[in-house]
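Undergrad: Let me begin by handing over the structure; questions about it come next.
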Protein chains: 2
Amino acid sequence: MKNKPSGYTGRILRVNLSDKSVSIEEPGDKFYRQYFGGTALIGYYLLKELKPGIDPLGPDNKLIFSAGVITGIPCAGSGRSGVGSKSPLTGGWGDSQAGGFWGAELKRAGWDAIIIEGKAANPVYLWINNEKVEIRDASHLWGKATKEVEKQIQDELGDKGVRVTQIGPAGEKLVRFACVLNDLIHAYGRNGHGAVMGSKMLRAIAVRGHQALPLAHPEKVREVAKWLADNYKVLSAGMTAHGTSEGVPVLNEDGILPTRNFQEGQFKGYMDLAGQTMTETILVGRDNCYACPINCKRKVKVGPPYNVDPVYGGPEYETIAALGSFCGINDLKAVAKGNQLCNAYGLDTIATGNSIAFAMECFERGILTKKDTGGIELKFGNAEAMMTMVEMIAKREGLGDILAEGTKRTAEKIGHGAAEYAMQIKGQELPMHDPRGKVALAIGYAISPTGADHCHNMHDDEFAVEGRAMEGLKELGIQEPLSRLDLSPAKVRTFQCVVNWEYFRNCATICMFLPFNHSQIMQLVNGATGWNTSVFELMKVGERALALARVFNAREGYTAKDDIIPDRLYKTFNSGPLKDKGIGRETMHQAIQTYYKMAGWDPEQAVPTKEKLQELDLEWVCSLDD
Amino acid sequence: MKNKPSGYTGRILRVNLSDKSVSIEEPGDKFYRQYFGGTALIGYYLLKELKPGIDPLGPDNKLIFSAGVITGIPCAGSGRSGVGSKSPLTGGWGDSQAGGFWGAELKRAGWDAIIIEGKAANPVYLWINNEKVEIRDASHLWGKATKEVEKQIQDELGDKGVRVTQIGPAGEKLVRFACVLNDLIHAYGRNGHGAVMGSKMLRAIAVRGHQALPLAHPEKVREVAKWLADNYKVLSAGMTAHGTSEGVPVLNEDGILPTRNFQEGQFKGYMDLAGQTMTETILVGRDNCYACPINCKRKVKVGPPYNVDPVYGGPEYETIAALGSFCGINDLKAVAKGNQLCNAYGLDTIATGNSIAFAMECFERGILTKKDTGGIELKFGNAEAMMTMVEMIAKREGLGDILAEGTKRTAEKIGHGAAEYAMQIKGQELPMHDPRGKVALAIGYAISPTGADHCHNMHDDEFAVEGRAMEGLKELGIQEPLSRLDLSPAKVRTFQCVVNWEYFRNCATICMFLPFNHSQIMQLVNGATGWNTSVFELMKVGERALALARVFNAREGYTAKDDIIPDRLYKTFNSGPLKDKGIGRETMHQAIQTYYKMAGWDPEQAVPTKEKLQELDLEWVCSLDD
């Protein structure tokens, strides 16, 4: 590891697929300190360069992959990267993050970000071999499963070490919740970037990098990495042992395991889906992301008739719940198969499971019939039907072609009150966290510029108890744990702090599962760059990222009226630990109003005021055309 | 230095002079993390305990001395402490800080703060000997000069090491800008706390402490202290050599040396007043505050007829300008004498010089005549008159008795348009910094809850250039130096960051002259307490302190209409480097409006909104009675 002078200079690659031009931008230290990478970097370019009203699936949309200032440093959590574009699901701001190795590889190839413009005439893939950039024909890859495509690209480039991010057939077919995948298993899941990539006829981006990343103060990075090495076995024991779905039993006990399209919060077959069960049954290996010892990723193998291939990993919590309890299914093997299908076709498992559950409820309520489903008995609990529907969505066959438009558009199309059963916000399907048992999530869902999202939200089960999470919050001046059911101004205050930091995390593209506190991440930034930054400055980066996204949405016509949650989430459960508890409409309204004012947002437009933008050093945003 | 477990527990002493009761409060770790010490701690108690509308000079006012969490640690800058009360000058929030050793001694005696309530029947002083607290008779000290009183107290307590903070005869006589002094020379100058102390018949507080201050991580404190030891000779060379008035030549060159009651910005005799001249002429020694190697304090000696005694120190910059150029006087010996008189009588040198300059201008304009002055030719440049007026104010003799009420009340009393020449805001006299050449100061003057103040303001001459100050600002995300004449939203943003930190400094009661950056001060806090705080949390402490003070003022009737600067400061100079430059009225209006909105203040009441208070964890403030 070589030392380098203070300051950060990264390079951004701009590729226009229409005219095949390639250019390089080097925005310099000041830019990176302000926009960092990930969400904020993406926000800067999307807001500057996209005109409001463009078609998300047309050539005017841009797709931006972005690592960041600390991506690829030799410390766990730094392998992630983000992608953004105007979302075909929401018609507004879209961004999503994925783990793996691709982000680190991009950095080692000498790039912080890739801006993809225009649309190729024929299928192509991008080959980034350190400084060399090549747009290559991908006609022979079009329509193939992701596993085949990855192998073929690595074969034709003659290097097994090439890291491939790609869409699958679902992205090619413009399924609005198609995802982009790194190494077959790490999904930029939300917001339908896979469809955007498909619309550009870009099947994959292959990257190989051999450059060492210079660090200003390697010892500062090493200290944090060593701390993790010394502590992860205790702090992350459950994640290592059972993966992200280790929490299923606790969620069920707490009454917030999303079940049957949010009709219930407990699922009889929960234990069949738990990580602990996976460990004892179908697990054949554990996997990691760049530089991470925790190994929270799963590898599962299932024999006939499912035939689940470990190369597609294993289902993570979101997938377990979305294809499992949310569809009333307790067959872990079927869920593993559904996961494999999603990864092979390139579908967001959350939106896929959510859409199928929506269809199941519509079927049970008679809004959809066997005529619509092509004879499928599309009831909750029907694992076979779930697996079939995944394929039908990916291939846009029958009802799948309608569901491929997302639950919001599907409900509009099929009518008969189906909208009541579409668990979506701003067009994006809700992830697998029921806010009735951790109510701050509801604010986060409502105000999220991406639509319902769990990756920049507050999961306050984590700090309702004392412990390391609470210690982290104390760094931000949050001194006391609050009840999960609290939606008071004090909770809103905590929410704002937490969410601004989560946005920063998505700028740094650092993993949310690592037990680092704020000052350790600050130390990583200082170690990498030689800056002497502060948690204050980093919090402002996060707040800036959110502001950019909200302004993007406002230009697309979103207002406070769109900051809502599905009506169903105001209903209380009739039994279980949350019986008669939940989110009051008026409480929620007040909490959102409090948030707007606390955040410095105009309460009607629900967008940062001019003065807030100025405070965030975003004066230029004030003079953007509407 | 012994290690101690994480967390901070301090003790607060409450003394009621009316009934002579003494009690102890131990508010615990959470309180200190939120209110810290200094301004915020004082704000907490004053806002909770004082009813609006009380007489600042009556027994209902409370006088709170407060050190803080890091006061007294073995590192330079930590000797300061603050004092607060309802100000008899402004009728609103009053706080002031002083250097020296008294704050550290208070901590070593086992106390963080002293709340003084009620009013003694006869003159008393307080003797705090570690845990022991005694209210002692001070009848024999009443009316005496500070030097005599200090000696007498030390003699009667039999310990030369006793630290004495006291008022002088001016405080006894309720001069509204009487100060409180530590060790005769370190003044809590602003806001007239000396009169409050006088109104309570409390002449002095003597403190002796022998307790070691336990540090959670002594090595973290040592690291910062060592950094200063290694660097101060370069970074603070000018301060050591020539004291705080080393900058006089630069200020004059820049056209902002306050001259003749802000009628001019350059003074012909500036070099006679400069620290460099003091060094070559009357300087006989340098002095320091607790644990500080910089030695910016001066000791001067002047023979007959001035007879300046080094025990009273030497004039600092504010005094040099206030009694010097502001009064058109270039006689350094006379200024030194004036300084001695102020310290002997216990007068704020800033308000004293400002008041005399005001009277001089009124005299020159014929609003005051020799009949009013008792025959004194009270013209700018008359050093003899200045020295005489200091004594007349302190003793409340003749015109001095009127001036002792402050320029605002004096102008109201003498009429004839005198208000135009009273360089005050909210009743407090402006300090010696002309905002026309560093315009952010104007916002700071206008919005300061104490009235015009330089101790929680932005002196942006410091970072208009690259250098260490700029590096410090980068920690807060301020990436570029801005012109001193810039009042754009970008400057307002910078101002807000700087001022919130300055407020924090006044909570930590750490010296503004030390070249520490934000992260070093954070390290001192962590080292002392074992907290893992962040600059974010500390910035919020500062913002909280300001919020408390603004709410205090709002309850006393202050609104946005009072956030103004004297009309004169909108006038441009006819010559010099600032010829025709300065502060535009509309620009200033816009800047203040921008600040209110950026800060989350209601633009009419000029007070933090309910949501801002909630965000600052000040929910309790929302339900205070008006």
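We label chains A, B, ... in the order they appear in the structure tokens, count residues from 1 in each chain, and number ligands from 1 in the order shown.
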Please return as an MDAnalysis selection string: the residues of segment 367-433 of chain A that backbone DSSP assigns to helix (DSSP H, G or I).
TA: chainID A and resid 370:373 383:395 399:403 407:414 418:421
Undergrad: With a cut-off of 10 Å and counting only C-alpha atoms, select all residues of chain B in contact with chain A and give the selection as a count of residues only.
TA: 58
Undergrad: Could you work out how far atom CA of Asp112 of chain A lies from atom CA of Gly10 of chain A, giving the answer in Å with one decimal?
TA: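 Computing it gives 5.8 Å between the two atoms.
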Undergrad: Which one of A:Trp501, A:Phe516, A:Lys132, A:Asp625 sits closest to Leu228 of chain A if you count only C-alpha atoms?
TA: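 Among the listed residues, the smallest separation from Leu228 of chain A belongs to A:Phe516.
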Undergrad: Given only C-alpha atoms as the basis, pick out the residue of A:Lys173, A:Arg163, A:His193, A:His589 nearest to Gly209 of chain A.
TA: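 Nearest candidate to Gly209 of chain A out of A:Lys173, A:Arg163, A:His193, A:His589: A:Arg163.
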Undergrad: Could you give me, as a list in words, each residue of segment 118-149 of chain A that DSSP assigns to strand (DSSP E) when run on this structure's backbone?
TA: Val124, Tyr125, Leu126, Trp127, Ile128, Asn129, Lys132, Val133, Glu134, Ile135, Arg136 and Asp137 of chain A
Undergrad: Can those selected residues be exported to a file as a CSV table (one decimal), in the first residue's frame so that it contains C-alpha atoms?
TA:
```
chain,number,residue,atom,x,y,z
A,124,VAL,CA,-23.5,-4.5,-26.6
A,125,TYR,CA,-21.5,-5.0,-23.5
A,126,LEU,CA,-18.8,-2.7,-22.1
A,127,TRP,CA,-15.3,-4.0,-21.5
A,128,ILE,CA,-13.3,-1.9,-19.1
A,129,ASN,CA,-9.8,-3.2,-18.9
A,132,LYS,CA,-9.0,0.7,-21.9
A,133,VAL,CA,-12.6,1.0,-22.7
A,134,GLU,CA,-14.3,-1.0,-25.4
A,135,ILE,CA,-17.9,-1.3,-26.6
A,136,ARG,CA,-18.3,-4.9,-27.7
A,137,ASP,CA,-21.1,-6.8,-29.5
```
Undergrad: Any chance you could tabulate, as JSON lines, the residues of segment 504-547 of chain A at most 6 Å from segment 38-53 of chain A with each one's nearest atom pair and distance in Å to one decimal, using only C-alpha atoms, in chain and rising number order?
TA:
```
{"residue": "A:Asn506", "atom": "CA", "partner": "A:Gly38", "partner_atom": "CA", "distance": 5.7}
{"residue": "A:Cys507", "atom": "CA", "partner": "A:Gly38", "partner_atom": "CA", "distance": 4.1}
{"residue": "A:Thr509", "atom": "CA", "partner": "A:Gly38", "partner_atom": "CA", "distance": 5.9}
{"residue": "A:Ala545", "atom": "CA", "partner": "A:Ala40", "partner_atom": "CA", "distance": 4.2}
```
Undergrad: As a list in words, please: the residues near Ala440 of chain A (cut-off 7 Å, only C-alpha atoms, same-chain neighbours under 4 positions excluded).
TA: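 What passes the distance filter is Gly444, Met458, Leu487 and Phe495 of chain A.
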Undergrad: Restrict the selected residues to C-alpha atoms and save them as a short mmCIF file (atom, residue, chain, number, x, y, z; two decimals), in the first residue's frame.
TA:
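Result saved to out29.cif:
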```
data_model
loop_
_atom_site.label_atom_id
_atom_site.label_comp_id
_atom_site.auth_asym_id
_atom_site.auth_seq_id
_atom_site.Cartn_x
_atom_site.Cartn_y
_atom_site.Cartn_z
CA GLY A 444 -38.92 6.65 5.74
CA MET A 458 -34.43 3.75 10.01
CA LEU A 487 -43.62 8.65 16.39
CA PHE A 495 -35.01 9.45 12.20
#
```
Undergrad: What's around segment 235-246 of chain A at 10 Å? Count only C-alpha atoms, leave out sequence neighbours fewer than 4 positions away in its own chain, and write the answer as a PDB file with N, CA, C and O atoms, in the first residue's frame.
TA:
```pdb
ATOM      1  N   LEU A 228     -12.263  -4.652  13.144  1.00  0.00           N
ATOM      2  CA  LEU A 228     -13.323  -5.542  12.676  1.00  0.00           C
ATOM      3  C   LEU A 228     -12.889  -7.002  12.786  1.00  0.00           C
ATOM      4  O   LEU A 228     -13.640  -7.858  13.260  1.00  0.00           O
ATOM      5  N   ASP A 230     -10.923  -8.275  14.799  1.00  0.00           N
ATOM      6  CA  ASP A 230     -10.908  -8.671  16.207  1.00  0.00           C
ATOM      7  C   ASP A 230     -12.317  -8.835  16.795  1.00  0.00           C
ATOM      8  O   ASP A 230     -12.474  -9.489  17.832  1.00  0.00           O
ATOM      9  N   ASN A 231     -13.303  -8.216  16.184  1.00  0.00           N
ATOM     10  CA  ASN A 231     -14.616  -8.145  16.835  1.00  0.00           C
ATOM     11  C   ASN A 231     -15.776  -8.777  16.074  1.00  0.00           C
ATOM     12  O   ASN A 231     -16.838  -8.980  16.655  1.00  0.00           O
ATOM     13  N   VAL A 250     -37.155 -13.709  15.150  1.00  0.00           N
ATOM     14  CA  VAL A 250     -37.392 -12.513  15.970  1.00  0.00           C
ATOM     15  C   VAL A 250     -38.475 -11.642  15.354  1.00  0.00           C
ATOM     16  O   VAL A 250     -39.374 -11.134  16.042  1.00  0.00           O
ATOM     17  N   LEU A 251     -38.408 -11.467  14.041  1.00  0.00           N
ATOM     18  CA  LEU A 251     -39.434 -10.667  13.370  1.00  0.00           C
ATOM     19  C   LEU A 251     -40.812 -11.285  13.587  1.00  0.00           C
ATOM     20  O   LEU A 251     -41.798 -10.585  13.822  1.00  0.00           O
ATOM     21  N   LEU A 273     -38.511 -20.997   7.133  1.00  0.00           N
ATOM     22  CA  LEU A 273     -37.837 -20.012   6.271  1.00  0.00           C
ATOM     23  C   LEU A 273     -36.599 -19.399   6.925  1.00  0.00           C
ATOM     24  O   LEU A 273     -35.827 -18.699   6.265  1.00  0.00           O
ATOM     25  N   ALA A 274     -36.413 -19.671   8.207  1.00  0.00           N
ATOM     26  CA  ALA A 274     -35.361 -18.977   8.955  1.00  0.00           C
ATOM     27  C   ALA A 274     -33.961 -19.386   8.489  1.00  0.00           C
ATOM     28  O   ALA A 274     -33.742 -20.507   8.013  1.00  0.00           O
ATOM     29  N   GLY A 275     -33.033 -18.459   8.670  1.00  0.00           N
ATOM     30  CA  GLY A 275     -31.645 -18.737   8.334  1.00  0.00           C
ATOM     31  C   GLY A 275     -31.118 -19.960   9.063  1.00  0.00           C
ATOM     32  O   GLY A 275     -30.312 -20.743   8.525  1.00  0.00           O
ATOM     33  N   GLN A 276     -31.579 -20.137  10.296  1.00  0.00           N
ATOM     34  CA  GLN A 276     -31.145 -21.277  11.098  1.00  0.00           C
ATOM     35  C   GLN A 276     -31.528 -22.589  10.399  1.00  0.00           C
ATOM     36  O   GLN A 276     -30.738 -23.548  10.383  1.00  0.00           O
ATOM     37  N   THR A 277     -32.715 -22.594   9.820  1.00  0.00           N
ATOM     38  CA  THR A 277     -33.161 -23.785   9.099  1.00  0.00           C
ATOM     39  C   THR A 277     -32.347 -23.978   7.815  1.00  0.00           C
ATOM     40  O   THR A 277     -31.952 -25.100   7.465  1.00  0.00           O
ATOM     41  N   MET A 278     -32.090 -22.882   7.142  1.00  0.00           N
ATOM     42  CA  MET A 278     -31.276 -22.963   5.930  1.00  0.00           C
ATOM     43  C   MET A 278     -29.917 -23.584   6.243  1.00  0.00           C
ATOM     44  O   MET A 278     -29.408 -24.448   5.517  1.00  0.00           O
ATOM     45  N   THR A 279     -29.327 -23.123   7.350  1.00  0.00           N
ATOM     46  CA  THR A 279     -28.027 -23.640   7.756  1.00  0.00           C
ATOM     47  C   THR A 279     -28.063 -25.160   7.912  1.00  0.00           C
ATOM     48  O   THR A 279     -27.138 -25.868   7.505  1.00  0.00           O
ATOM     49  N   GLU A 280     -29.170 -25.639   8.481  1.00  0.00           N
ATOM     50  CA  GLU A 280     -29.266 -27.069   8.767  1.00  0.00           C
ATOM     51  C   GLU A 280     -29.703 -27.905   7.572  1.00  0.00           C
ATOM     52  O   GLU A 280     -29.634 -29.136   7.621  1.00  0.00           O
ATOM     53  N   LEU A 283     -27.948 -25.350   2.994  1.00  0.00           N
ATOM     54  CA  LEU A 283     -26.718 -24.553   2.899  1.00  0.00           C
ATOM     55  C   LEU A 283     -25.518 -25.416   2.512  1.00  0.00           C
ATOM     56  O   LEU A 283     -25.287 -26.463   3.124  1.00  0.00           O
ATOM     57  N   ARG A 286     -20.687 -20.511   2.457  1.00  0.00           N
ATOM     58  CA  ARG A 286     -20.896 -19.095   2.774  1.00  0.00           C
ATOM     59  C   ARG A 286     -20.009 -18.277   1.849  1.00  0.00           C
ATOM     60  O   ARG A 286     -18.967 -18.737   1.398  1.00  0.00           O
ATOM     61  N   ASP A 287     -20.418 -17.076   1.599  1.00  0.00           N
ATOM     62  CA  ASP A 287     -19.685 -16.259   0.638  1.00  0.00           C
ATOM     63  C   ASP A 287     -19.580 -14.830   1.177  1.00  0.00           C
ATOM     64  O   ASP A 287     -20.315 -14.438   2.080  1.00  0.00           O
ATOM     65  N   ASN A 288     -18.685 -14.094   0.603  1.00  0.00           N
ATOM     66  CA  ASN A 288     -18.461 -12.745   1.124  1.00  0.00           C
ATOM     67  C   ASN A 288     -18.470 -11.689   0.030  1.00  0.00           C
ATOM     68  O   ASN A 288     -18.639 -11.997  -1.149  1.00  0.00           O
ATOM     69  N   PRO A 293     -14.768 -10.287   6.213  1.00  0.00           N
ATOM     70  CA  PRO A 293     -14.647 -11.597   6.858  1.00  0.00           C
ATOM     71  C   PRO A 293     -15.984 -12.170   7.325  1.00  0.00           C
ATOM     72  O   PRO A 293     -16.028 -13.311   7.801  1.00  0.00           O
ATOM     73  N   ILE A 294     -17.050 -11.391   7.237  1.00  0.00           N
ATOM     74  CA  ILE A 294     -18.298 -11.820   7.885  1.00  0.00           C
ATOM     75  C   ILE A 294     -18.984 -12.968   7.141  1.00  0.00           C
ATOM     76  O   ILE A 294     -19.584 -13.844   7.748  1.00  0.00           O
ATOM     77  N   ASN A 295     -18.858 -12.950   5.827  1.00  0.00           N
ATOM     78  CA  ASN A 295     -19.447 -14.050   5.045  1.00  0.00           C
ATOM     79  C   ASN A 295     -20.942 -14.209   5.260  1.00  0.00           C
ATOM     80  O   ASN A 295     -21.427 -15.328   5.497  1.00  0.00           O
ATOM     81  N   CYS A 296     -21.676 -13.153   5.112  1.00  0.00           N
ATOM     82  CA  CYS A 296     -23.131 -13.253   5.337  1.00  0.00           C
ATOM     83  C   CYS A 296     -23.863 -13.840   4.127  1.00  0.00           C
ATOM     84  O   CYS A 296     -25.031 -14.197   4.223  1.00  0.00           O
ATOM     85  N   LYS A 297     -23.170 -13.908   2.992  1.00  0.00           N
ATOM     86  CA  LYS A 297     -23.817 -14.450   1.792  1.00  0.00           C
ATOM     87  C   LYS A 297     -23.926 -15.973   1.892  1.00  0.00           C
ATOM     88  O   LYS A 297     -23.065 -16.626   2.474  1.00  0.00           O
ATOM     89  N   ARG A 298     -24.975 -16.518   1.294  1.00  0.00           N
ATOM     90  CA  ARG A 298     -25.239 -17.965   1.362  1.00  0.00           C
ATOM     91  C   ARG A 298     -24.987 -18.626   0.009  1.00  0.00           C
ATOM     92  O   ARG A 298     -25.121 -17.981  -1.046  1.00  0.00           O
ATOM     93  N   GLY A 314     -27.717 -17.912  -2.473  1.00  0.00           N
ATOM     94  CA  GLY A 314     -28.880 -18.385  -1.726  1.00  0.00           C
ATOM     95  C   GLY A 314     -29.722 -17.185  -1.380  1.00  0.00           C
ATOM     96  O   GLY A 314     -29.236 -16.053  -1.414  1.00  0.00           O
ATOM     97  N   PRO A 315     -30.983 -17.413  -1.024  1.00  0.00           N
ATOM     98  CA  PRO A 315     -31.862 -16.276  -0.764  1.00  0.00           C
ATOM     99  C   PRO A 315     -31.461 -15.511   0.494  1.00  0.00           C
ATOM    100  O   PRO A 315     -31.145 -16.110   1.514  1.00  0.00           O
ATOM    101  N   GLU A 316     -31.453 -14.194   0.372  1.00  0.00           N
ATOM    102  CA  GLU A 316     -31.234 -13.356   1.549  1.00  0.00           C
ATOM    103  C   GLU A 316     -32.576 -13.054   2.190  1.00  0.00           C
ATOM    104  O   GLU A 316     -33.624 -13.426   1.674  1.00  0.00           O
ATOM    105  N   TYR A 317     -32.521 -12.318   3.306  1.00  0.00           N
ATOM    106  CA  TYR A 317     -33.758 -12.084   4.051  1.00  0.00           C
ATOM    107  C   TYR A 317     -34.873 -11.499   3.185  1.00  0.00           C
ATOM    108  O   TYR A 317     -36.023 -11.970   3.222  1.00  0.00           O
ATOM    109  N   GLU A 318     -34.570 -10.466   2.431  1.00  0.00           N
ATOM    110  CA  GLU A 318     -35.636  -9.810   1.656  1.00  0.00           C
ATOM    111  C   GLU A 318     -36.325 -10.816   0.730  1.00  0.00           C
ATOM    112  O   GLU A 318     -37.540 -10.801   0.555  1.00  0.00           O
ATOM    113  N   THR A 319     -35.519 -11.697   0.162  1.00  0.00           N
ATOM    114  CA  THR A 319     -36.039 -12.688  -0.783  1.00  0.00           C
ATOM    115  C   THR A 319     -36.850 -13.762  -0.057  1.00  0.00           C
ATOM    116  O   THR A 319     -37.916 -14.178  -0.510  1.00  0.00           O
ATOM    117  N   ILE A 320     -36.294 -14.192   1.069  1.00  0.00           N
ATOM    118  CA  ILE A 320     -36.976 -15.192   1.910  1.00  0.00           C
ATOM    119  C   ILE A 320     -38.380 -14.718   2.269  1.00  0.00           C
ATOM    120  O   ILE A 320     -39.354 -15.464   2.199  1.00  0.00           O
ATOM    121  N   ALA A 321     -38.469 -13.452   2.653  1.00  0.00           N
ATOM    122  CA  ALA A 321     -39.771 -12.929   3.061  1.00  0.00           C
ATOM    123  C   ALA A 321     -40.649 -12.659   1.834  1.00  0.00           C
ATOM    124  O   ALA A 321     -41.830 -13.016   1.817  1.00  0.00           O
ATOM    125  N   ARG A 468     -24.240  -1.558  21.068  1.00  0.00           N
ATOM    126  CA  ARG A 468     -23.357  -0.859  20.161  1.00  0.00           C
ATOM    127  C   ARG A 468     -24.108   0.122  19.266  1.00  0.00           C
ATOM    128  O   ARG A 468     -23.623   1.219  18.978  1.00  0.00           O
ATOM    129  N   PHE A 513     -24.426  -3.468   7.042  1.00  0.00           N
ATOM    130  CA  PHE A 513     -24.414  -4.576   8.005  1.00  0.00           C
ATOM    131  C   PHE A 513     -23.164  -4.607   8.878  1.00  0.00           C
ATOM    132  O   PHE A 513     -23.073  -5.409   9.798  1.00  0.00           O
ATOM    133  N   LEU A 514     -22.204  -3.774   8.544  1.00  0.00           N
ATOM    134  CA  LEU A 514     -20.984  -3.812   9.342  1.00  0.00           C
ATOM    135  C   LEU A 514     -21.160  -3.022  10.621  1.00  0.00           C
ATOM    136  O   LEU A 514     -21.782  -1.965  10.626  1.00  0.00           O
ATOM    137  N   PRO A 515     -20.584  -3.519  11.716  1.00  0.00           N
ATOM    138  CA  PRO A 515     -20.826  -2.866  13.008  1.00  0.00           C
ATOM    139  C   PRO A 515     -19.941  -1.649  13.269  1.00  0.00           C
ATOM    140  O   PRO A 515     -19.635  -1.347  14.421  1.00  0.00           O
TER     141      PRO A 515
END
```
Undergrad: For segment 11-26 of chain A, list every protein, DNA or RNA residue within 9 Å, evaluated using only C-alpha atoms, and leave out those in the same chain fewer than 6 positions away; present the list as a PyMOL selection string.
TA: chain A and resi 59+66+110-121+124+133-135+200-202
Undergrad: Include N, CA, C and O atoms and write out the residues we just selected as a short mmCIF file (atom, residue, chain, number, x, y, z; two decimals), in the first residue's frame.
TA:
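See part31.cif below for the written result:
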```cif
data_model
loop_
_atom_site.label_atom_id
_atom_site.label_comp_id
_atom_site.auth_asym_id
_atom_site.auth_seq_id
_atom_site.Cartn_x
_atom_site.Cartn_y
_atom_site.Cartn_z
N PRO A 59 -33.75 6.88 -24.82
CA PRO A 59 -32.31 7.15 -24.90
C PRO A 59 -31.87 8.38 -24.09
O PRO A 59 -30.68 8.54 -23.83
N SER A 66 -21.78 4.13 -9.74
CA SER A 66 -20.79 4.90 -9.00
C SER A 66 -20.29 4.18 -7.77
O SER A 66 -21.06 3.75 -6.91
N GLY A 110 -9.29 2.07 -12.12
CA GLY A 110 -8.98 3.50 -12.24
C GLY A 110 -10.20 4.40 -12.35
O GLY A 110 -10.07 5.58 -12.70
N TRP A 111 -11.37 3.85 -12.06
CA TRP A 111 -12.60 4.64 -12.26
C TRP A 111 -13.42 4.72 -10.99
O TRP A 111 -13.53 3.76 -10.24
N ASP A 112 -14.02 5.88 -10.80
CA ASP A 112 -14.98 6.05 -9.70
C ASP A 112 -16.40 5.81 -10.16
O ASP A 112 -17.23 5.37 -9.35
N ALA A 113 -16.68 6.15 -11.39
CA ALA A 113 -18.07 6.08 -11.84
C ALA A 113 -18.11 5.95 -13.35
O ALA A 113 -17.13 6.28 -14.05
N ILE A 114 -19.23 5.45 -13.82
CA ILE A 114 -19.47 5.34 -15.27
C ILE A 114 -20.82 5.97 -15.56
O ILE A 114 -21.84 5.57 -14.97
N ILE A 115 -20.83 6.91 -16.46
CA ILE A 115 -22.09 7.52 -16.90
C ILE A 115 -22.41 6.95 -18.28
O ILE A 115 -21.63 7.12 -19.23
N ILE A 116 -23.54 6.27 -18.37
CA ILE A 116 -23.91 5.65 -19.64
C ILE A 116 -25.05 6.43 -20.27
O ILE A 116 -26.10 6.62 -19.64
N GLU A 117 -24.83 6.86 -21.49
CA GLU A 117 -25.80 7.71 -22.18
C GLU A 117 -26.27 7.03 -23.46
O GLU A 117 -25.59 6.16 -24.01
N GLY A 118 -27.40 7.50 -23.96
CA GLY A 118 -27.86 7.08 -25.29
C GLY A 118 -28.36 5.65 -25.32
O GLY A 118 -28.78 5.08 -24.30
N LYS A 119 -28.31 5.06 -26.49
CA LYS A 119 -28.85 3.72 -26.68
C LYS A 119 -28.09 3.07 -27.82
O LYS A 119 -27.93 3.67 -28.90
N ALA A 120 -27.66 1.86 -27.61
CA ALA A 120 -26.92 1.15 -28.67
C ALA A 120 -27.91 0.65 -29.73
O ALA A 120 -29.08 0.39 -29.44
N ALA A 121 -27.44 0.53 -30.94
CA ALA A 121 -28.30 0.05 -32.03
C ALA A 121 -28.55 -1.45 -31.87
O ALA A 121 -29.63 -1.95 -32.19
N VAL A 124 -24.98 -4.71 -26.77
CA VAL A 124 -23.53 -4.54 -26.55
C VAL A 124 -23.20 -4.84 -25.10
O VAL A 124 -24.08 -4.92 -24.24
N VAL A 133 -11.19 1.11 -22.68
CA VAL A 133 -12.65 0.96 -22.69
C VAL A 133 -13.09 0.54 -24.08
O VAL A 133 -12.68 1.14 -25.08
N GLU A 134 -13.90 -0.50 -24.11
CA GLU A 134 -14.31 -1.05 -25.40
C GLU A 134 -15.81 -1.34 -25.36
O GLU A 134 -16.32 -1.90 -24.39
N ILE A 135 -16.51 -0.94 -26.42
CA ILE A 135 -17.93 -1.31 -26.55
C ILE A 135 -17.96 -2.53 -27.47
O ILE A 135 -17.56 -2.45 -28.63
N LYS A 200 -31.21 0.44 -23.13
CA LYS A 200 -30.02 0.96 -23.82
C LYS A 200 -29.31 -0.14 -24.59
O LYS A 200 -28.25 0.10 -25.18
N MET A 201 -29.89 -1.34 -24.56
CA MET A 201 -29.30 -2.50 -25.23
C MET A 201 -27.92 -2.84 -24.66
O MET A 201 -27.07 -3.40 -25.36
N LEU A 202 -27.74 -2.50 -23.40
CA LEU A 202 -26.45 -2.78 -22.76
C LEU A 202 -26.63 -4.00 -21.85
O LEU A 202 -27.29 -3.93 -20.82
#
```
